[in-house]
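Taking it in order: structure first as structure tokens, then the write-up.
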Amino acid sequence: MSYEKVEQAKKTIIGTKQAVKAIRAGVVIEIIIAQDAEERIIAPVMEEAKLRDIQVTYVDSRDKLGNACGIQVGAAVVAITD
């Protein structure tokens with residue numbers, strides 16, 4: 001379900017640093033996090049999302065999340081924007 005949500009999203013932001021910037025800018029409506037991502041990588045995004053009360057959804061695989069984004073590598077964090 002969430003992979004399809006990423007595939008259908010008009011605009012996504014891939015990566016931890018970019019997601020944190022987007023959350024701070026107030027343009028993120030949902031965060032998708034891969035459960036197999038390292039805690040140290042996803043922690044900053046989870047913290048910002050919690051501070052700003054943004055919905056966080058978990059998926060099982062970085063590789064599948066990367067594929068849903070149309071990239072050839074895994075993605076730990078994807079932000080869906082307006």
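Naming works like this for the structure tokens: A, B, ... for the chains as they're shown, residue 1 at the start of each chain, ligands 1 onward in shown order.
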
Could you write out, as a PyMOL selection string, all the residues of chain A that DSSP marks as alpha helix (DSSP H)? chain A and resi 2-8+16-25+39-51+62-69

Pull N, CA, C and O atoms from the residues just selected and write them as a short mmCIF file (atom, residue, chain, number, x, y, z; two decimals), in the first residue's frame.
data_model
loop_
_atom_site.label_atom_id
_atom_site.label_comp_id
_atom_site.auth_asym_id
_atom_site.auth_seq_id
_atom_site.Cartn_x
_atom_site.Cartn_y
_atom_site.Cartn_z
N SER A 2 1.80 1.36 0.91
CA SER A 2 2.62 2.56 1.00
C SER A 2 3.56 2.70 -0.19
O SER A 2 3.88 3.81 -0.58
N TYR A 3 4.01 1.56 -0.73
CA TYR A 3 4.85 1.64 -1.93
C TYR A 3 4.05 2.28 -3.06
O TYR A 3 4.57 3.11 -3.81
N GLU A 4 2.77 1.89 -3.18
CA GLU A 4 1.92 2.46 -4.21
C GLU A 4 1.68 3.95 -3.97
O GLU A 4 1.62 4.73 -4.91
N LYS A 5 1.58 4.32 -2.71
CA LYS A 5 1.40 5.73 -2.36
C LYS A 5 2.60 6.54 -2.84
O LYS A 5 2.45 7.63 -3.39
N VAL A 6 3.80 5.98 -2.67
CA VAL A 6 5.02 6.65 -3.13
C VAL A 6 5.04 6.75 -4.64
O VAL A 6 5.36 7.79 -5.21
N GLU A 7 4.67 5.65 -5.32
CA GLU A 7 4.67 5.63 -6.78
C GLU A 7 3.68 6.65 -7.35
O GLU A 7 3.93 7.25 -8.38
N GLN A 8 2.55 6.85 -6.67
CA GLN A 8 1.51 7.74 -7.17
C GLN A 8 1.70 9.19 -6.73
O GLN A 8 1.02 10.07 -7.26
N THR A 16 17.54 11.35 3.90
CA THR A 16 17.37 11.88 5.24
C THR A 16 17.56 13.39 5.31
O THR A 16 16.69 14.11 5.81
N LYS A 17 18.67 13.88 4.81
CA LYS A 17 18.96 15.32 4.91
C LYS A 17 17.91 16.15 4.17
O LYS A 17 17.43 17.16 4.69
N GLN A 18 17.56 15.73 2.99
CA GLN A 18 16.58 16.47 2.21
C GLN A 18 15.20 16.41 2.87
O GLN A 18 14.45 17.39 2.86
N ALA A 19 14.85 15.26 3.46
CA ALA A 19 13.56 15.13 4.14
C ALA A 19 13.49 16.04 5.35
O ALA A 19 12.47 16.69 5.58
N VAL A 20 14.57 16.11 6.12
CA VAL A 20 14.59 17.00 7.29
C VAL A 20 14.41 18.45 6.86
O VAL A 20 13.63 19.20 7.46
N LYS A 21 15.10 18.85 5.80
CA LYS A 21 14.95 20.23 5.29
C LYS A 21 13.52 20.51 4.86
O LYS A 21 12.97 21.57 5.13
N ALA A 22 12.92 19.54 4.18
CA ALA A 22 11.54 19.71 3.70
C ALA A 22 10.55 19.78 4.86
O ALA A 22 9.60 20.56 4.83
N ILE A 23 10.77 18.96 5.89
CA ILE A 23 9.90 19.00 7.07
C ILE A 23 9.99 20.38 7.71
O ILE A 23 8.97 20.99 8.05
N ARG A 24 11.19 20.88 7.88
CA ARG A 24 11.39 22.20 8.48
C ARG A 24 10.77 23.30 7.64
O ARG A 24 10.33 24.32 8.17
N ALA A 25 10.74 23.10 6.33
CA ALA A 25 10.15 24.09 5.43
C ALA A 25 8.62 24.01 5.43
O ALA A 25 7.95 24.88 4.89
N GLU A 39 19.04 2.84 12.44
CA GLU A 39 18.42 3.80 13.35
C GLU A 39 19.11 5.17 13.28
O GLU A 39 18.45 6.21 13.28
N ARG A 40 20.44 5.17 13.20
CA ARG A 40 21.16 6.45 13.18
C ARG A 40 20.84 7.28 11.93
O ARG A 40 20.95 8.50 11.94
N ILE A 41 20.42 6.62 10.87
CA ILE A 41 20.10 7.32 9.63
C ILE A 41 18.70 7.93 9.69
O ILE A 41 18.48 9.05 9.26
N ILE A 42 17.76 7.18 10.25
CA ILE A 42 16.37 7.65 10.25
C ILE A 42 16.01 8.51 11.46
O ILE A 42 14.99 9.20 11.45
N ALA A 43 16.82 8.48 12.50
CA ALA A 43 16.50 9.20 13.75
C ALA A 43 16.22 10.69 13.55
O ALA A 43 15.24 11.20 14.10
N PRO A 44 17.03 11.42 12.78
CA PRO A 44 16.74 12.86 12.62
C PRO A 44 15.38 13.13 11.96
O PRO A 44 14.68 14.06 12.34
N VAL A 45 15.01 12.29 11.02
CA VAL A 45 13.72 12.46 10.33
C VAL A 45 12.57 12.15 11.28
O VAL A 45 11.59 12.89 11.34
N MET A 46 12.72 11.08 12.04
CA MET A 46 11.67 10.71 12.99
C MET A 46 11.47 11.81 14.04
O MET A 46 10.34 12.12 14.40
N GLU A 47 12.55 12.38 14.49
CA GLU A 47 12.48 13.45 15.49
C GLU A 47 11.76 14.68 14.94
O GLU A 47 10.87 15.24 15.59
N GLU A 48 12.14 15.11 13.74
CA GLU A 48 11.49 16.27 13.12
C GLU A 48 10.01 16.01 12.84
O GLU A 48 9.17 16.88 13.04
N ALA A 49 9.70 14.81 12.37
CA ALA A 49 8.31 14.47 12.07
C ALA A 49 7.47 14.49 13.35
O ALA A 49 6.34 14.98 13.35
N LYS A 50 8.04 13.99 14.43
CA LYS A 50 7.32 13.99 15.70
C LYS A 50 7.09 15.41 16.20
O LYS A 50 6.00 15.74 16.67
N LEU A 51 8.10 16.25 16.09
CA LEU A 51 7.98 17.65 16.53
C LEU A 51 6.88 18.39 15.78
O LEU A 51 6.19 19.25 16.35
N ARG A 62 14.17 -1.18 2.12
CA ARG A 62 14.79 -0.02 1.47
C ARG A 62 14.83 -0.20 -0.05
O ARG A 62 14.61 0.74 -0.80
N ASP A 63 15.13 -1.43 -0.46
CA ASP A 63 15.22 -1.70 -1.90
C ASP A 63 13.88 -1.47 -2.60
O ASP A 63 13.81 -0.84 -3.65
N LYS A 64 12.81 -2.00 -2.00
CA LYS A 64 11.48 -1.81 -2.59
C LYS A 64 11.07 -0.34 -2.57
O LYS A 64 10.44 0.15 -3.51
N LEU A 65 11.45 0.37 -1.51
CA LEU A 65 11.13 1.79 -1.42
C LEU A 65 11.88 2.57 -2.49
O LEU A 65 11.32 3.46 -3.15
N GLY A 66 13.14 2.23 -2.71
CA GLY A 66 13.91 2.86 -3.78
C GLY A 66 13.29 2.60 -5.14
O GLY A 66 13.17 3.50 -5.97
N ASN A 67 12.87 1.35 -5.38
CA ASN A 67 12.21 1.01 -6.64
C ASN A 67 10.93 1.81 -6.83
O ASN A 67 10.62 2.26 -7.94
N ALA A 68 10.16 1.96 -5.76
CA ALA A 68 8.91 2.73 -5.84
C ALA A 68 9.18 4.19 -6.20
O ALA A 68 8.35 4.84 -6.84
N CYS A 69 10.37 4.67 -5.83
CA CYS A 69 10.76 6.06 -6.15
C CYS A 69 11.36 6.17 -7.55
O CYS A 69 11.62 7.27 -8.03
#

Spatial neighbours of Val59 in chain A, max dist 7 Å, only C-alpha atoms, sep filter under 2 positions, as a PyMOL selection string: chain A and resi 2+33-35+57+61

Go ahead and save the residues from that selection, with C-alpha atoms, as a compact mmCIF listing (two decimals), in the first residue's frame.
# COMPACT_ATOMS: atom_id res chain seq x y z
CA SER A 2 2.62 2.56 1.00
CA ILE A 33 10.56 4.98 6.41
CA ALA A 34 12.07 1.60 5.57
CA GLN A 35 12.17 -0.69 8.61
CA THR A 57 4.45 5.18 7.74
CA SER A 61 12.39 -2.78 2.55

Atomic separation - CA of Asp60 in chain A relative to CA of Ile80 in chain A, Å: 17.5 Å

Of the listed residues A:Gln72, A:Gly26, A:Glu38, A:Ile31, that which approaches Arg52 in chain A most closely, counting only C-alpha atoms: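 For Arg52 in chain A, the nearest of the given residues is A:Gly26.
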
Distance query Thr12 in chain A at most 7 Å, only C-alpha atoms, self and fewer than 6 positions along chain excluded, as a ChimeraX atom specification: /A:78-81

Suppose we keep all heavy atoms; can you now write the selection as an mmCIF file, in the first residue's frame?
data_model
loop_
_atom_site.group_PDB
_atom_site.id
_atom_site.type_symbol
_atom_site.label_atom_id
_atom_site.label_comp_id
_atom_site.auth_asym_id
_atom_site.auth_seq_id
_atom_site.Cartn_x
_atom_site.Cartn_y
_atom_site.Cartn_z
ATOM 1 N N VAL A 78 11.616 8.543 2.552
ATOM 2 C CA VAL A 78 10.991 9.293 1.463
ATOM 3 C C VAL A 78 9.944 10.219 2.078
ATOM 4 O O VAL A 78 9.138 9.788 2.892
ATOM 5 C CB VAL A 78 10.332 8.361 0.426
ATOM 6 C CG1 VAL A 78 9.578 9.164 -0.624
ATOM 7 C CG2 VAL A 78 11.365 7.462 -0.228
ATOM 8 N N ALA A 79 9.999 11.467 1.686
ATOM 9 C CA ALA A 79 9.002 12.438 2.131
ATOM 10 C C ALA A 79 8.034 12.718 0.977
ATOM 11 O O ALA A 79 8.473 12.958 -0.144
ATOM 12 C CB ALA A 79 9.672 13.735 2.562
ATOM 13 N N ILE A 80 6.752 12.658 1.268
ATOM 14 C CA ILE A 80 5.736 13.004 0.270
ATOM 15 C C ILE A 80 5.299 14.436 0.556
ATOM 16 O O ILE A 80 4.926 14.768 1.677
ATOM 17 C CB ILE A 80 4.538 12.036 0.335
ATOM 18 C CG1 ILE A 80 5.009 10.611 0.013
ATOM 19 C CG2 ILE A 80 3.442 12.477 -0.623
ATOM 20 C CD1 ILE A 80 3.949 9.554 0.153
ATOM 21 N N THR A 81 5.356 15.266 -0.486
ATOM 22 C CA THR A 81 5.008 16.674 -0.326
ATOM 23 C C THR A 81 3.685 16.970 -1.038
ATOM 24 O O THR A 81 3.109 16.095 -1.649
ATOM 25 C CB THR A 81 6.123 17.581 -0.875
ATOM 26 O OG1 THR A 81 6.274 17.335 -2.268
ATOM 27 C CG2 THR A 81 7.447 17.319 -0.167
#

Strand (DSSP E) call set, DSSP backbone run, chain A, as number ranges by chain: A: 12-14, 28-34, 55-59, 77-81

In Å, rounded to a single decimal, give me how far CA of Gln55 in chain A is from CA of Gly70 in chain A.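 Separation between CA of Gly70 in chain A and CA of Gln55 in chain A: 22.5 Å.
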